[in-house]
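Read through the structure below, which is laid out as structure tokens, and then see the notes.
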Amino acid sequence: MKKFFKIVGIVILVLIVVVLVAGLIAPKKYHLEREISINAPREKIWPQVSSLPNTHKWNPWSEQDPNIKVSFEGQEGTVGSVYKWESKEVGTGNQTITRLDQPGRVESHIHFIKPFKGEADVFIDLQETGNATKVTWGFNTEYAYPMNAMLLVMNMDKMMGDAYDKGLANLKRISESN
């Protein structure tokens, strides 16, 4: 029995060392961008991306939990307006608009509370391309050491990218139908 616990202890110690060493070499910053072409002028898309209540209608995480509790604070479509959510499925957090360059760019800061604490900055950029608008949705965050080691084993581009692609498809459907 002593031998078993010794082996388990060594395995746990090795795993801790591996995570600590991996954290030294893993990137601390994570960036994701996805884009889509929407057959609508950016002035038509702008209200969907600059208003947090409208953003809630197309963001992919609100679809994951029909019982999600949301609230909005501040004047809609202005810097400082806040979107708060609480959900057993997608966690708890809030998003605050930090910059609006009408009708071209929205920037906001996200504070994740549950299930993990974290911070991120996101943006949505609208660029006219002939009769369409290229919409780019981006995400930037930093992971503290040694949690950054998770970036070596998790496929964040797949997890986040799929959600961003779905959200952009929802935005396209709404923007092209109105």
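Identifiers in this document derive from the order of the structure tokens: chains are assigned A, B, ..., residues are numbered from 1 separately in each chain, and ligands are numbered from 1 in order of occurrence.
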* To do: Within 7 Å of A:Ser71, counting only C-alpha atoms, which residues show up once you throw out same-chain ones fewer than 3 positions away? Write them as a PyMOL selection string, please.
  => chain A and resi 83-85
* Do you know which residues are at most 10 Å from A:Gly74 counting only C-alpha atoms, after dropping those on the same chain fewer than 6 positions away, and could you put them as a PyMOL selection string? -> chain A and resi 80-83+96
Residue selection dump (C-alpha atoms) as a PDB file, in the first residue's frame:
ATOM      1  CA  GLY A  80     -20.251  52.589 -20.518  1.00  0.00           C
ATOM      2  CA  SER A  81     -23.407  50.564 -21.177  1.00  0.00           C
ATOM      3  CA  VAL A  82     -23.253  47.113 -19.599  1.00  0.00           C
ATOM      4  CA  TYR A  83     -24.637  43.663 -20.426  1.00  0.00           C
ATOM      5  CA  THR A  96     -19.005  46.919 -20.964  1.00  0.00           C
TER       6      THR A  96
END
* From the list A:Glu142, A:Asp101, A:Glu128, A:Glu119, which residue is nearest A:Gly77 when using only C-alpha atoms? -> A:Asp101
Within 9 Å of stretch 156-176 of chain A, which residues of stretch 20-121 of chain A show up? Give each one with its shortest atom-to-atom distance in Å (one decimal) and the two atoms involved, counting only C-alpha atoms, rows by chain then rising residue number, as CSV.
residue,atom,partner,partner_atom,distance
A:Tyr30,CA,A:Met156,CA,8.7
A:His31,CA,A:Asp157,CA,8.9
A:Leu32,CA,A:Asp157,CA,6.9
A:Glu33,CA,A:Gly161,CA,7.8
A:Arg34,CA,A:Tyr164,CA,6.5
A:Glu35,CA,A:Leu168,CA,7.4
A:Ile36,CA,A:Leu168,CA,6.5
A:Ser37,CA,A:Lys172,CA,7.9
A:Ile38,CA,A:Lys172,CA,5.5
A:Asn39,CA,A:Glu176,CA,6.2
A:Ala40,CA,A:Glu176,CA,6.1
A:Lys44,CA,A:Ser175,CA,6.8
A:Ile45,CA,A:Ser175,CA,5.8
A:Gln48,CA,A:Leu171,CA,7.5
A:Val49,CA,A:Leu171,CA,8.5
A:Thr55,CA,A:Leu171,CA,8.5
A:Lys57,CA,A:Asn170,CA,8.5
A:Trp58,CA,A:Asn170,CA,5.2
A:Asn59,CA,A:Gly167,CA,4.9
A:Pro60,CA,A:Gly167,CA,4.8
A:Trp61,CA,A:Ala163,CA,7.6
* **Coordinates-based distance that separates atom CA of A:Gly138 from atom CA of A:Asp121 (Å, one decimal)** => 8.3 Å
* Asked: Between atom CA of A:Ser108 and atom CA of A:Pro41, what is the distance, to one decimal in Å?
  ->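 These two atoms are separated by 22.3 Å.
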* **Atom-to-atom span, atom CA of A:Phe72 and atom CA of A:Pro103, Å** =>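 We find that atom CA of A:Phe72 and atom CA of A:Pro103 lie 21.7 Å from each other.
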* Asked: For A:Gly130, which residue among A:Lys28, A:Arg42, A:Ile68, A:Lys114 is the nearest when counting only C-alpha atoms?
  ->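 Under the stated criterion, the closest residue is A:Arg42.
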* What residues in stretch 84-125 of chain A get the DSSP label strand (DSSP E or B)? Please answer as a VMD selection string. -> chain A and resid 84 to 87 91 to 101 105 to 114 118 to 125
* Given the choices A:Ile113, A:Lys69, A:Val14, A:Trp46, which gets closest to A:Gln127 if the distance is worked out from only C-alpha atoms? ->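 Of A:Ile113, A:Lys69, A:Val14, A:Trp46, the one nearest A:Gln127 is A:Trp46, counting only C-alpha atoms.
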Near A:Ile124, counting only C-alpha atoms, which residues have an atom at most 6 Å away, once you skip same-chain residues fewer than 5 positions from it, shown as a PDB file with N, CA, C and O atoms, in the first residue's frame?
ATOM      1  N   ARG A 105     -16.698  50.670 -35.727  1.00  0.00           N
ATOM      2  CA  ARG A 105     -16.026  49.791 -34.763  1.00  0.00           C
ATOM      3  C   ARG A 105     -16.637  49.932 -33.373  1.00  0.00           C
ATOM      4  O   ARG A 105     -16.924  51.030 -32.921  1.00  0.00           O
ATOM      5  N   VAL A 106     -16.793  48.780 -32.725  1.00  0.00           N
ATOM      6  CA  VAL A 106     -17.243  48.702 -31.339  1.00  0.00           C
ATOM      7  C   VAL A 106     -16.177  47.937 -30.567  1.00  0.00           C
ATOM      8  O   VAL A 106     -15.725  46.891 -31.018  1.00  0.00           O
ATOM      9  N   THR A 136     -15.646  41.843 -38.882  1.00  0.00           N
ATOM     10  CA  THR A 136     -14.588  41.118 -38.187  1.00  0.00           C
ATOM     11  C   THR A 136     -14.868  41.203 -36.695  1.00  0.00           C
ATOM     12  O   THR A 136     -15.067  42.280 -36.147  1.00  0.00           O
ATOM     13  N   TRP A 137     -14.902  40.040 -36.050  1.00  0.00           N
ATOM     14  CA  TRP A 137     -15.156  39.947 -34.615  1.00  0.00           C
ATOM     15  C   TRP A 137     -13.886  39.394 -33.983  1.00  0.00           C
ATOM     16  O   TRP A 137     -13.423  38.307 -34.352  1.00  0.00           O
TER      17      TRP A 137
END
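Counting only C-alpha atoms, A:His111 has the following residues at most 7 Å away, ignoring those fewer than 3 positions along the same chain: Gly93, Asn94, Gln95, Gly118, Glu119 and Ala120 of chain A.
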